[in-house]
Structure formats: C-alpha cells, structure tokens
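Peer 1: This is structure-v1.txt (compact mmCIF, N, CA and C atoms).
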```txt
# COMPACT_ATOMS: atom_id res chain seq x y z
N MET A 927 -0.64 -11.61 -27.27
CA MET A 927 -1.83 -10.83 -27.55
C MET A 927 -2.69 -10.77 -26.28
N SER A 928 -3.22 -9.62 -25.99
CA SER A 928 -3.99 -9.41 -24.76
C SER A 928 -5.46 -9.21 -25.08
N ASP A 929 -6.32 -9.67 -24.16
CA ASP A 929 -7.76 -9.45 -24.29
C ASP A 929 -8.17 -8.14 -23.63
N ARG A 930 -7.19 -7.41 -23.15
CA ARG A 930 -7.46 -6.15 -22.47
C ARG A 930 -8.01 -5.15 -23.48
N PRO A 931 -9.15 -4.50 -23.17
CA PRO A 931 -9.74 -3.56 -24.13
C PRO A 931 -8.91 -2.27 -24.26
N THR A 932 -9.00 -1.65 -25.42
CA THR A 932 -8.42 -0.32 -25.59
C THR A 932 -9.22 0.63 -24.72
N TRP A 933 -8.70 1.84 -24.50
CA TRP A 933 -9.44 2.82 -23.71
C TRP A 933 -10.78 3.16 -24.36
N ASP A 934 -10.77 3.36 -25.69
CA ASP A 934 -12.03 3.66 -26.37
C ASP A 934 -13.03 2.53 -26.20
N GLU A 935 -12.59 1.30 -26.36
CA GLU A 935 -13.48 0.15 -26.19
C GLU A 935 -14.02 0.09 -24.76
N TYR A 936 -13.16 0.30 -23.80
CA TYR A 936 -13.54 0.29 -22.38
C TYR A 936 -14.63 1.33 -22.10
N PHE A 937 -14.40 2.57 -22.54
CA PHE A 937 -15.36 3.63 -22.26
C PHE A 937 -16.66 3.47 -23.06
N ILE A 938 -16.58 2.95 -24.27
CA ILE A 938 -17.80 2.69 -25.06
C ILE A 938 -18.64 1.62 -24.38
N LYS A 939 -18.00 0.60 -23.84
CA LYS A 939 -18.76 -0.44 -23.13
C LYS A 939 -19.45 0.14 -21.89
N ILE A 940 -18.79 1.03 -21.20
CA ILE A 940 -19.41 1.67 -20.03
C ILE A 940 -20.59 2.53 -20.45
N VAL A 941 -20.43 3.29 -21.54
CA VAL A 941 -21.51 4.18 -21.98
C VAL A 941 -22.72 3.38 -22.45
N GLU A 942 -22.50 2.18 -22.95
CA GLU A 942 -23.62 1.31 -23.31
C GLU A 942 -24.42 0.94 -22.05
N LEU A 943 -23.75 0.72 -20.94
CA LEU A 943 -24.44 0.44 -19.68
C LEU A 943 -25.16 1.70 -19.17
N VAL A 944 -24.52 2.86 -19.29
CA VAL A 944 -25.13 4.12 -18.84
C VAL A 944 -26.46 4.34 -19.56
N LYS A 945 -26.51 4.06 -20.85
CA LYS A 945 -27.74 4.31 -21.62
C LYS A 945 -28.90 3.45 -21.15
N SER A 946 -28.63 2.37 -20.44
CA SER A 946 -29.71 1.49 -19.97
C SER A 946 -30.59 2.18 -18.92
N ARG A 947 -30.14 3.31 -18.38
CA ARG A 947 -30.94 4.09 -17.43
C ARG A 947 -31.92 5.03 -18.14
N SER A 948 -31.81 5.18 -19.44
CA SER A 948 -32.66 6.09 -20.20
C SER A 948 -34.13 5.74 -20.07
N THR A 949 -34.97 6.78 -20.04
CA THR A 949 -36.41 6.58 -20.00
C THR A 949 -37.09 7.04 -21.29
N CYS A 950 -36.28 7.32 -22.31
CA CYS A 950 -36.82 7.74 -23.61
C CYS A 950 -37.45 6.54 -24.30
N LEU A 951 -38.61 6.76 -24.90
CA LEU A 951 -39.32 5.69 -25.58
C LEU A 951 -38.83 5.49 -27.02
N ARG A 952 -38.13 6.49 -27.57
CA ARG A 952 -37.73 6.41 -28.97
C ARG A 952 -36.27 6.01 -29.18
N ARG A 953 -35.38 6.52 -28.34
CA ARG A 953 -33.95 6.26 -28.54
C ARG A 953 -33.23 6.38 -27.21
N GLN A 954 -32.62 5.31 -26.77
CA GLN A 954 -31.85 5.34 -25.53
C GLN A 954 -30.42 5.75 -25.86
N VAL A 955 -29.94 6.79 -25.16
CA VAL A 955 -28.59 7.32 -25.41
C VAL A 955 -27.87 7.47 -24.08
N GLY A 956 -26.59 7.16 -24.09
CA GLY A 956 -25.75 7.36 -22.93
C GLY A 956 -24.55 8.20 -23.29
N ALA A 957 -24.01 8.91 -22.31
CA ALA A 957 -22.82 9.75 -22.51
C ALA A 957 -21.91 9.61 -21.29
N LEU A 958 -20.63 9.77 -21.54
CA LEU A 958 -19.61 9.62 -20.50
C LEU A 958 -18.50 10.62 -20.81
N ILE A 959 -18.15 11.45 -19.84
CA ILE A 959 -17.08 12.43 -20.05
C ILE A 959 -15.85 11.96 -19.30
N VAL A 960 -14.73 11.96 -20.01
CA VAL A 960 -13.48 11.42 -19.50
C VAL A 960 -12.37 12.44 -19.72
N LYS A 961 -11.45 12.50 -18.78
CA LYS A 961 -10.24 13.31 -18.95
C LYS A 961 -9.09 12.57 -18.27
N ASP A 962 -7.98 12.47 -18.97
CA ASP A 962 -6.81 11.75 -18.45
C ASP A 962 -7.17 10.33 -18.00
N LYS A 963 -8.01 9.67 -18.79
CA LYS A 963 -8.44 8.29 -18.55
C LYS A 963 -9.22 8.13 -17.25
N ARG A 964 -9.81 9.21 -16.78
CA ARG A 964 -10.63 9.20 -15.56
C ARG A 964 -12.05 9.63 -15.91
N ILE A 965 -13.03 8.90 -15.42
CA ILE A 965 -14.42 9.24 -15.66
C ILE A 965 -14.81 10.44 -14.79
N LEU A 966 -15.31 11.49 -15.43
CA LEU A 966 -15.71 12.70 -14.72
C LEU A 966 -17.22 12.79 -14.51
N SER A 967 -17.98 12.30 -15.49
CA SER A 967 -19.42 12.48 -15.44
C SER A 967 -20.09 11.52 -16.40
N THR A 968 -21.34 11.17 -16.08
CA THR A 968 -22.15 10.35 -16.98
C THR A 968 -23.50 11.01 -17.18
N GLY A 969 -24.19 10.61 -18.22
CA GLY A 969 -25.54 11.11 -18.45
C GLY A 969 -26.29 10.20 -19.39
N TYR A 970 -27.59 10.19 -19.25
CA TYR A 970 -28.46 9.45 -20.17
C TYR A 970 -29.66 10.34 -20.44
N ASN A 971 -30.40 10.04 -21.51
CA ASN A 971 -31.52 10.91 -21.85
C ASN A 971 -32.76 10.53 -21.04
N GLY A 972 -33.40 11.57 -20.54
CA GLY A 972 -34.61 11.41 -19.74
C GLY A 972 -35.09 12.77 -19.27
N ALA A 973 -36.23 12.77 -18.63
CA ALA A 973 -36.84 14.02 -18.15
C ALA A 973 -35.96 14.69 -17.10
N PRO A 974 -36.09 16.02 -16.95
CA PRO A 974 -35.33 16.72 -15.90
C PRO A 974 -35.67 16.15 -14.51
N SER A 975 -34.75 16.30 -13.59
CA SER A 975 -34.95 15.82 -12.22
C SER A 975 -36.27 16.32 -11.65
N GLY A 976 -37.00 15.42 -11.05
CA GLY A 976 -38.27 15.78 -10.43
C GLY A 976 -39.46 15.82 -11.37
N CYS A 977 -39.23 15.60 -12.66
CA CYS A 977 -40.32 15.61 -13.64
C CYS A 977 -40.64 14.19 -14.08
N LYS A 978 -41.86 13.97 -14.51
CA LYS A 978 -42.26 12.65 -14.97
C LYS A 978 -41.53 12.29 -16.27
N HIS A 979 -41.19 11.03 -16.38
CA HIS A 979 -40.50 10.53 -17.56
C HIS A 979 -41.49 10.18 -18.66
N CYS A 980 -41.00 10.17 -19.88
CA CYS A 980 -41.83 9.79 -21.03
C CYS A 980 -42.38 8.39 -20.85
N SER A 981 -41.62 7.52 -20.20
CA SER A 981 -42.09 6.16 -19.95
C SER A 981 -43.34 6.17 -19.06
N GLU A 982 -43.58 7.28 -18.35
CA GLU A 982 -44.76 7.41 -17.50
C GLU A 982 -45.91 8.14 -18.20
N VAL A 983 -45.57 9.18 -18.99
CA VAL A 983 -46.61 10.04 -19.57
C VAL A 983 -46.74 9.94 -21.08
N GLY A 984 -45.87 9.18 -21.72
CA GLY A 984 -45.93 9.05 -23.17
C GLY A 984 -44.99 10.04 -23.86
N CYS A 985 -44.85 9.85 -25.14
CA CYS A 985 -43.92 10.65 -25.95
C CYS A 985 -44.69 11.63 -26.84
N LEU A 986 -44.54 12.91 -26.57
CA LEU A 986 -45.20 13.93 -27.37
C LEU A 986 -44.72 13.91 -28.82
N ARG A 987 -43.43 13.70 -29.02
CA ARG A 987 -42.87 13.67 -30.38
C ARG A 987 -43.48 12.51 -31.19
N GLU A 988 -43.68 11.39 -30.53
CA GLU A 988 -44.30 10.23 -31.18
C GLU A 988 -45.75 10.56 -31.55
N LYS A 989 -46.47 11.17 -30.60
CA LYS A 989 -47.87 11.53 -30.83
C LYS A 989 -48.02 12.50 -32.00
N LEU A 990 -47.05 13.42 -32.14
CA LEU A 990 -47.10 14.43 -33.21
C LEU A 990 -46.39 13.98 -34.48
N ASN A 991 -45.87 12.77 -34.48
CA ASN A 991 -45.17 12.23 -35.66
C ASN A 991 -43.96 13.06 -36.06
N VAL A 992 -43.20 13.55 -35.11
CA VAL A 992 -42.01 14.37 -35.38
C VAL A 992 -40.85 13.44 -35.75
N PRO A 993 -40.25 13.66 -36.92
CA PRO A 993 -39.12 12.81 -37.33
C PRO A 993 -37.90 12.99 -36.43
N SER A 994 -37.09 11.95 -36.33
CA SER A 994 -35.85 12.01 -35.57
C SER A 994 -34.97 13.13 -36.10
N GLY A 995 -34.33 13.86 -35.19
CA GLY A 995 -33.44 14.94 -35.59
C GLY A 995 -34.11 16.29 -35.78
N GLU A 996 -35.42 16.38 -35.56
CA GLU A 996 -36.15 17.63 -35.76
C GLU A 996 -36.93 18.01 -34.50
N ARG A 997 -37.17 19.32 -34.36
CA ARG A 997 -38.03 19.88 -33.32
C ARG A 997 -37.72 19.38 -31.91
N HIS A 998 -36.45 19.51 -31.52
CA HIS A 998 -36.00 19.05 -30.19
C HIS A 998 -36.78 19.70 -29.05
N GLU A 999 -37.32 20.90 -29.29
CA GLU A 999 -38.04 21.60 -28.22
C GLU A 999 -39.36 20.92 -27.86
N LEU A 1000 -39.79 19.98 -28.67
CA LEU A 1000 -41.04 19.26 -28.39
C LEU A 1000 -40.80 17.98 -27.59
N CYS A 1001 -39.70 17.93 -26.89
CA CYS A 1001 -39.36 16.74 -26.11
C CYS A 1001 -39.15 17.16 -24.66
N ARG A 1002 -39.71 16.41 -23.73
CA ARG A 1002 -39.53 16.71 -22.31
C ARG A 1002 -38.19 16.20 -21.80
N GLY A 1003 -37.50 15.38 -22.60
CA GLY A 1003 -36.24 14.79 -22.19
C GLY A 1003 -35.05 15.72 -22.36
N VAL A 1004 -34.07 15.51 -21.51
CA VAL A 1004 -32.76 16.15 -21.61
C VAL A 1004 -31.84 15.13 -22.26
N HIS A 1005 -31.05 15.57 -23.25
CA HIS A 1005 -30.18 14.64 -23.95
C HIS A 1005 -29.05 14.14 -23.03
N ALA A 1006 -28.52 12.98 -23.36
CA ALA A 1006 -27.47 12.36 -22.54
C ALA A 1006 -26.25 13.27 -22.39
N GLU A 1007 -25.81 13.88 -23.49
CA GLU A 1007 -24.66 14.78 -23.44
C GLU A 1007 -24.95 15.98 -22.56
N GLN A 1008 -26.15 16.53 -22.67
CA GLN A 1008 -26.55 17.67 -21.85
C GLN A 1008 -26.54 17.28 -20.37
N ASN A 1009 -27.05 16.10 -20.07
CA ASN A 1009 -27.06 15.64 -18.68
C ASN A 1009 -25.66 15.41 -18.15
N ALA A 1010 -24.76 14.86 -18.96
CA ALA A 1010 -23.38 14.63 -18.51
C ALA A 1010 -22.68 15.97 -18.24
N ILE A 1011 -22.89 16.95 -19.10
CA ILE A 1011 -22.29 18.27 -18.92
C ILE A 1011 -22.91 18.96 -17.69
N ALA A 1012 -24.22 18.85 -17.54
CA ALA A 1012 -24.90 19.47 -16.39
C ALA A 1012 -24.45 18.82 -15.08
N GLN A 1013 -24.28 17.51 -15.07
CA GLN A 1013 -23.84 16.83 -13.85
C GLN A 1013 -22.43 17.25 -13.45
N ALA A 1014 -21.57 17.45 -14.45
CA ALA A 1014 -20.22 17.93 -14.14
C ALA A 1014 -20.30 19.34 -13.54
N ALA A 1015 -21.11 20.20 -14.13
CA ALA A 1015 -21.26 21.57 -13.61
C ALA A 1015 -21.85 21.55 -12.21
N TYR A 1016 -22.83 20.69 -11.98
CA TYR A 1016 -23.50 20.58 -10.67
C TYR A 1016 -22.51 20.24 -9.56
N SER A 1017 -21.53 19.40 -9.90
CA SER A 1017 -20.54 19.00 -8.89
C SER A 1017 -19.27 19.85 -8.93
N GLY A 1018 -19.23 20.85 -9.83
CA GLY A 1018 -18.06 21.73 -9.92
C GLY A 1018 -16.86 21.07 -10.58
N THR A 1019 -17.10 20.13 -11.46
CA THR A 1019 -16.03 19.40 -12.14
C THR A 1019 -15.77 20.01 -13.52
N SER A 1020 -14.55 20.47 -13.74
CA SER A 1020 -14.20 21.02 -15.04
C SER A 1020 -14.04 19.89 -16.05
N ILE A 1021 -14.67 20.06 -17.21
CA ILE A 1021 -14.55 19.07 -18.28
C ILE A 1021 -13.75 19.63 -19.45
N ARG A 1022 -13.18 20.81 -19.27
CA ARG A 1022 -12.38 21.43 -20.33
C ARG A 1022 -11.24 20.49 -20.70
N GLY A 1023 -11.09 20.24 -21.99
CA GLY A 1023 -10.03 19.36 -22.47
C GLY A 1023 -10.40 17.89 -22.43
N GLY A 1024 -11.64 17.60 -22.07
CA GLY A 1024 -12.08 16.21 -21.95
C GLY A 1024 -12.58 15.61 -23.24
N THR A 1025 -12.89 14.33 -23.15
CA THR A 1025 -13.48 13.56 -24.24
C THR A 1025 -14.85 13.11 -23.80
N ILE A 1026 -15.82 13.22 -24.70
CA ILE A 1026 -17.15 12.69 -24.40
C ILE A 1026 -17.39 11.47 -25.29
N TYR A 1027 -17.78 10.39 -24.67
CA TYR A 1027 -18.16 9.16 -25.36
C TYR A 1027 -19.68 9.12 -25.38
N VAL A 1028 -20.25 8.85 -26.55
CA VAL A 1028 -21.70 8.86 -26.71
C VAL A 1028 -22.12 7.67 -27.55
N THR A 1029 -23.27 7.11 -27.21
CA THR A 1029 -23.75 5.95 -27.97
C THR A 1029 -24.20 6.34 -29.38
N ASP A 1030 -24.56 7.61 -29.59
CA ASP A 1030 -24.99 8.08 -30.90
C ASP A 1030 -24.33 9.41 -31.22
N GLN A 1031 -24.23 9.73 -32.50
CA GLN A 1031 -23.69 11.02 -32.92
C GLN A 1031 -24.48 12.14 -32.24
N PRO A 1032 -23.81 13.15 -31.70
CA PRO A 1032 -24.54 14.25 -31.06
C PRO A 1032 -25.39 15.05 -32.05
N CYS A 1033 -26.52 15.55 -31.56
CA CYS A 1033 -27.34 16.47 -32.34
C CYS A 1033 -26.65 17.84 -32.32
N VAL A 1034 -27.18 18.78 -33.07
CA VAL A 1034 -26.57 20.11 -33.14
C VAL A 1034 -26.61 20.83 -31.78
N LEU A 1035 -27.67 20.63 -31.00
CA LEU A 1035 -27.75 21.28 -29.69
C LEU A 1035 -26.64 20.78 -28.78
N CYS A 1036 -26.42 19.48 -28.77
CA CYS A 1036 -25.38 18.89 -27.92
C CYS A 1036 -23.99 19.22 -28.44
N ALA A 1037 -23.85 19.30 -29.76
CA ALA A 1037 -22.56 19.67 -30.34
C ALA A 1037 -22.17 21.09 -29.90
N LYS A 1038 -23.12 22.02 -29.97
CA LYS A 1038 -22.82 23.40 -29.55
C LYS A 1038 -22.48 23.47 -28.07
N LEU A 1039 -23.17 22.71 -27.26
CA LEU A 1039 -22.91 22.69 -25.83
C LEU A 1039 -21.52 22.10 -25.55
N ALA A 1040 -21.18 21.02 -26.23
CA ALA A 1040 -19.86 20.39 -26.06
C ALA A 1040 -18.74 21.35 -26.47
N ILE A 1041 -18.94 22.06 -27.55
CA ILE A 1041 -17.95 23.04 -28.01
C ILE A 1041 -17.72 24.09 -26.92
N ASN A 1042 -18.80 24.67 -26.42
CA ASN A 1042 -18.67 25.74 -25.43
C ASN A 1042 -18.23 25.24 -24.06
N ALA A 1043 -18.39 23.95 -23.79
CA ALA A 1043 -17.94 23.38 -22.51
C ALA A 1043 -16.45 23.03 -22.54
N GLY A 1044 -15.83 23.13 -23.71
CA GLY A 1044 -14.40 22.86 -23.82
C GLY A 1044 -14.04 21.42 -24.12
N ILE A 1045 -15.03 20.63 -24.54
CA ILE A 1045 -14.75 19.25 -24.94
C ILE A 1045 -13.83 19.28 -26.16
N GLU A 1046 -12.77 18.46 -26.14
CA GLU A 1046 -11.81 18.45 -27.24
C GLU A 1046 -11.99 17.27 -28.20
N LYS A 1047 -12.68 16.22 -27.74
CA LYS A 1047 -12.83 15.04 -28.58
C LYS A 1047 -14.18 14.39 -28.30
N ILE A 1048 -14.81 13.89 -29.37
CA ILE A 1048 -16.07 13.17 -29.25
C ILE A 1048 -15.90 11.82 -29.92
N VAL A 1049 -16.22 10.77 -29.18
CA VAL A 1049 -16.22 9.42 -29.73
C VAL A 1049 -17.65 8.92 -29.66
N PHE A 1050 -18.22 8.57 -30.81
CA PHE A 1050 -19.60 8.10 -30.83
C PHE A 1050 -19.70 6.81 -31.61
N LYS A 1051 -20.79 6.09 -31.37
CA LYS A 1051 -20.96 4.78 -31.99
C LYS A 1051 -22.02 4.80 -33.09
N GLY A 1052 -23.23 5.22 -32.78
CA GLY A 1052 -24.33 5.16 -33.74
C GLY A 1052 -24.54 6.46 -34.49
N ASP A 1053 -25.23 6.36 -35.61
CA ASP A 1053 -25.51 7.53 -36.45
C ASP A 1053 -26.72 8.31 -35.94
N TYR A 1054 -26.80 9.57 -36.37
CA TYR A 1054 -27.93 10.44 -36.08
C TYR A 1054 -28.05 11.41 -37.24
N PRO A 1055 -29.26 11.70 -37.71
CA PRO A 1055 -29.42 12.53 -38.91
C PRO A 1055 -29.24 14.03 -38.65
N ASP A 1056 -28.00 14.49 -38.46
CA ASP A 1056 -27.77 15.90 -38.17
C ASP A 1056 -26.42 16.35 -38.74
N LYS A 1057 -26.41 16.76 -40.00
CA LYS A 1057 -25.19 17.19 -40.67
C LYS A 1057 -24.63 18.47 -40.07
N LEU A 1058 -25.49 19.40 -39.67
CA LEU A 1058 -25.02 20.67 -39.10
C LEU A 1058 -24.17 20.42 -37.86
N SER A 1059 -24.54 19.44 -37.07
CA SER A 1059 -23.77 19.08 -35.89
C SER A 1059 -22.32 18.76 -36.27
N MET A 1060 -22.14 17.92 -37.25
CA MET A 1060 -20.81 17.51 -37.68
C MET A 1060 -20.04 18.69 -38.30
N ASP A 1061 -20.75 19.53 -39.03
CA ASP A 1061 -20.11 20.71 -39.63
C ASP A 1061 -19.58 21.65 -38.55
N LEU A 1062 -20.38 21.91 -37.51
CA LEU A 1062 -19.96 22.81 -36.44
C LEU A 1062 -18.79 22.22 -35.65
N LEU A 1063 -18.84 20.93 -35.37
CA LEU A 1063 -17.74 20.30 -34.64
C LEU A 1063 -16.44 20.39 -35.42
N GLN A 1064 -16.52 20.19 -36.73
CA GLN A 1064 -15.33 20.30 -37.58
C GLN A 1064 -14.82 21.74 -37.58
N GLU A 1065 -15.73 22.69 -37.74
CA GLU A 1065 -15.35 24.11 -37.75
C GLU A 1065 -14.69 24.53 -36.44
N ALA A 1066 -15.16 23.97 -35.32
CA ALA A 1066 -14.63 24.32 -34.00
C ALA A 1066 -13.32 23.58 -33.68
N GLY A 1067 -12.94 22.65 -34.54
CA GLY A 1067 -11.70 21.93 -34.33
C GLY A 1067 -11.80 20.79 -33.32
N ILE A 1068 -13.01 20.31 -33.09
CA ILE A 1068 -13.22 19.18 -32.18
C ILE A 1068 -12.88 17.89 -32.93
N ARG A 1069 -12.06 17.05 -32.32
CA ARG A 1069 -11.76 15.76 -32.92
C ARG A 1069 -12.98 14.87 -32.76
N VAL A 1070 -13.44 14.30 -33.87
CA VAL A 1070 -14.62 13.44 -33.85
C VAL A 1070 -14.23 12.08 -34.40
N VAL A 1071 -14.54 11.05 -33.62
CA VAL A 1071 -14.19 9.69 -34.01
C VAL A 1071 -15.44 8.83 -33.97
N LYS A 1072 -15.72 8.15 -35.08
CA LYS A 1072 -16.81 7.18 -35.07
C LYS A 1072 -16.22 5.84 -34.68
N TYR A 1073 -16.68 5.33 -33.54
CA TYR A 1073 -16.19 4.06 -33.01
C TYR A 1073 -16.84 2.92 -33.76
N SER A 1074 -16.05 1.92 -34.10
CA SER A 1074 -16.62 0.70 -34.69
C SER A 1074 -15.99 -0.50 -33.99
N ASP A 1075 -16.82 -1.50 -33.75
CA ASP A 1075 -16.36 -2.70 -33.05
C ASP A 1075 -15.26 -3.42 -33.80
```
Translate this file's structure into structure tokens.
Peer 2:
Amino acid sequence: MSDRPTWDEYFIKIVELVKSRSTCLRRQVGALIVKDKRILSTGYNGAPSGCKHCSEVGCLREKLNVPSGERHELCRGVHAEQNAIAQAAYSGTSIRGGTIYVTDQPCVLCAKLAINAGIEKIVFKGDYPDKLSMDLLQEAGIRVVKYSD
C-alpha cells in the first residue's frame, strides 16, 4: 500500500493552498486548471489587478446583507474560476479539454464560463447554493465530481 496521493487528492491539496491567497472576507476559494496531469493555471477570488481588495475597503455584499449565491454583480471580487480562466487566456494557454479543481462548487457565472472555455471536468470540494449551475453543467455534458476526503 502506498501513501502516494491520487491525482485528484494531489490537485485538491494544491488548490487548498491556492485559496490562501484570497482576499475575500466572506469565502476564500481557489481554482486550478489541469490538462494531461499538468497544471496550466491557478486562480483565487479577489479584486481585479490594480484594484483595492475587500480586505482593504470592506465587503459591500456584507454591508448590504446579500445572501451567498445571490447578486454577484455587487461584489468587487473576481471568482477563483474566472481568474484561473483569465490567467490562462492572458498567457495564451489553451484549457480546452482540461479539468478545473475548485474548493467550492462553481456558481452559475463560473459554470457558464467553464462550459464556454471548453472545460470537460470539474472537481470540487465544498458546497455552494446554486442549483442552476449544476443543471447547466449537466446539460452541457461536463463531468462533475464532488471530492470527498
């Protein structure tokens, strides 16, 4: 018997470290895009490059009492999945056919982006209150796996 982690376990452990860079006051999320067992891109949730982070200016969603999973436009942060996809695009790296590992279930915005970016599989660890996201991923034929320790 080997103590060597499975690929999913290995990448989930890395994405847990990636999320530690998050500047979100409500939920720290990390994402990692992989293809052929090679890491292509990472992302965590936080303000766009060059903008102040919520950890510096406060959380508008918290101030307005916006429940989790609602009114994403009232957040200055970019989601982890969005950042991972944007970073791949920024460097000219194709993620078509890749797998995205995420610390939490993607929201509907990130699910739609992953579908159109050509992601074929999503592995996530934590829950998120967004049924439409899961419905769209299923309809698009994206393999979705909930990771458990």
Peer 1: Between atom N of Val960 (chain A) and atom N of Pro931 (chain A), measure the distance and give it in Å to one decimal.
Peer 2: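 Atom N of Pro931 (chain A) lies at a distance of 17.7 Å from atom N of Val960 (chain A).
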Peer 1: Which of region 997-1026 of chain A end up as helix (DSSP H, G or I) when DSSP is run on this backbone - answer as a PDB file with N, CA and C atoms, keeping the file's coordinate frame?
Peer 2:
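Contents of result_18.pdb, as written:
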```
ATOM      1  N   HIS A 998     -36.450  19.510 -31.520  1.00  0.00           N
ATOM      2  CA  HIS A 998     -36.000  19.050 -30.190  1.00  0.00           C
ATOM      3  C   HIS A 998     -36.780  19.700 -29.050  1.00  0.00           C
ATOM      4  N   GLU A 999     -37.320  20.900 -29.290  1.00  0.00           N
ATOM      5  CA  GLU A 999     -38.040  21.600 -28.220  1.00  0.00           C
ATOM      6  C   GLU A 999     -39.360  20.920 -27.860  1.00  0.00           C
ATOM      7  N   LEU A1000     -39.790  19.980 -28.670  1.00  0.00           N
ATOM      8  CA  LEU A1000     -41.040  19.260 -28.390  1.00  0.00           C
ATOM      9  C   LEU A1000     -40.800  17.980 -27.590  1.00  0.00           C
ATOM     10  N   ALA A1006     -28.520  12.980 -23.360  1.00  0.00           N
ATOM     11  CA  ALA A1006     -27.470  12.360 -22.540  1.00  0.00           C
ATOM     12  C   ALA A1006     -26.250  13.270 -22.390  1.00  0.00           C
ATOM     13  N   GLU A1007     -25.810  13.880 -23.490  1.00  0.00           N
ATOM     14  CA  GLU A1007     -24.660  14.780 -23.440  1.00  0.00           C
ATOM     15  C   GLU A1007     -24.950  15.980 -22.560  1.00  0.00           C
ATOM     16  N   GLN A1008     -26.150  16.530 -22.670  1.00  0.00           N
ATOM     17  CA  GLN A1008     -26.550  17.670 -21.850  1.00  0.00           C
ATOM     18  C   GLN A1008     -26.540  17.280 -20.370  1.00  0.00           C
ATOM     19  N   ASN A1009     -27.050  16.100 -20.070  1.00  0.00           N
ATOM     20  CA  ASN A1009     -27.060  15.640 -18.680  1.00  0.00           C
ATOM     21  C   ASN A1009     -25.660  15.410 -18.150  1.00  0.00           C
ATOM     22  N   ALA A1010     -24.760  14.860 -18.960  1.00  0.00           N
ATOM     23  CA  ALA A1010     -23.380  14.630 -18.510  1.00  0.00           C
ATOM     24  C   ALA A1010     -22.680  15.970 -18.240  1.00  0.00           C
ATOM     25  N   ILE A1011     -22.890  16.950 -19.100  1.00  0.00           N
ATOM     26  CA  ILE A1011     -22.290  18.270 -18.920  1.00  0.00           C
ATOM     27  C   ILE A1011     -22.910  18.960 -17.690  1.00  0.00           C
ATOM     28  N   ALA A1012     -24.220  18.850 -17.540  1.00  0.00           N
ATOM     29  CA  ALA A1012     -24.900  19.470 -16.390  1.00  0.00           C
ATOM     30  C   ALA A1012     -24.450  18.820 -15.080  1.00  0.00           C
ATOM     31  N   GLN A1013     -24.280  17.510 -15.070  1.00  0.00           N
ATOM     32  CA  GLN A1013     -23.840  16.830 -13.850  1.00  0.00           C
ATOM     33  C   GLN A1013     -22.430  17.250 -13.450  1.00  0.00           C
ATOM     34  N   ALA A1014     -21.570  17.450 -14.450  1.00  0.00           N
ATOM     35  CA  ALA A1014     -20.220  17.930 -14.140  1.00  0.00           C
ATOM     36  C   ALA A1014     -20.300  19.340 -13.540  1.00  0.00           C
ATOM     37  N   ALA A1015     -21.110  20.200 -14.130  1.00  0.00           N
ATOM     38  CA  ALA A1015     -21.260  21.570 -13.610  1.00  0.00           C
ATOM     39  C   ALA A1015     -21.850  21.550 -12.210  1.00  0.00           C
ATOM     40  N   TYR A1016     -22.830  20.690 -11.980  1.00  0.00           N
ATOM     41  CA  TYR A1016     -23.500  20.580 -10.670  1.00  0.00           C
ATOM     42  C   TYR A1016     -22.510  20.240  -9.560  1.00  0.00           C
TER      43      TYR A1016
END
```
Peer 1: I'd like to know which of A:Val1034, A:Ala1014, A:Val1004, A:Ala1066 is closest to Ser967 (chain A), using all atoms listed in the file.
Peer 2: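 The answer is A:Ala1014, which sits nearest to Ser967 (chain A).
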Peer 1: Determine the nearest neighbour of Asp1056 (chain A) from the options A:Glu935, A:Asp1030, A:Glu988, A:Asp929, counting only C-alpha atoms.
Peer 2: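 For Asp1056 (chain A), the nearest of the candidates is A:Asp1030.
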Peer 1: Env of Val941 (chain A): 7 Å cut, atoms = only C-alpha atoms, seq-sep filter 5 positions within chain, self excluded. Answer as a PyMOL selection string.
Peer 2: chain A and resi 956-958+1027-1029
Peer 1: Residues of chain A classed as strand (DSSP E or B) by DSSP on the backbone are to be reported as a PyMOL selection string.
Peer 2: chain A and resi 956-961+964-970+972+1004+1025-1030+1047-1052+1069-1072
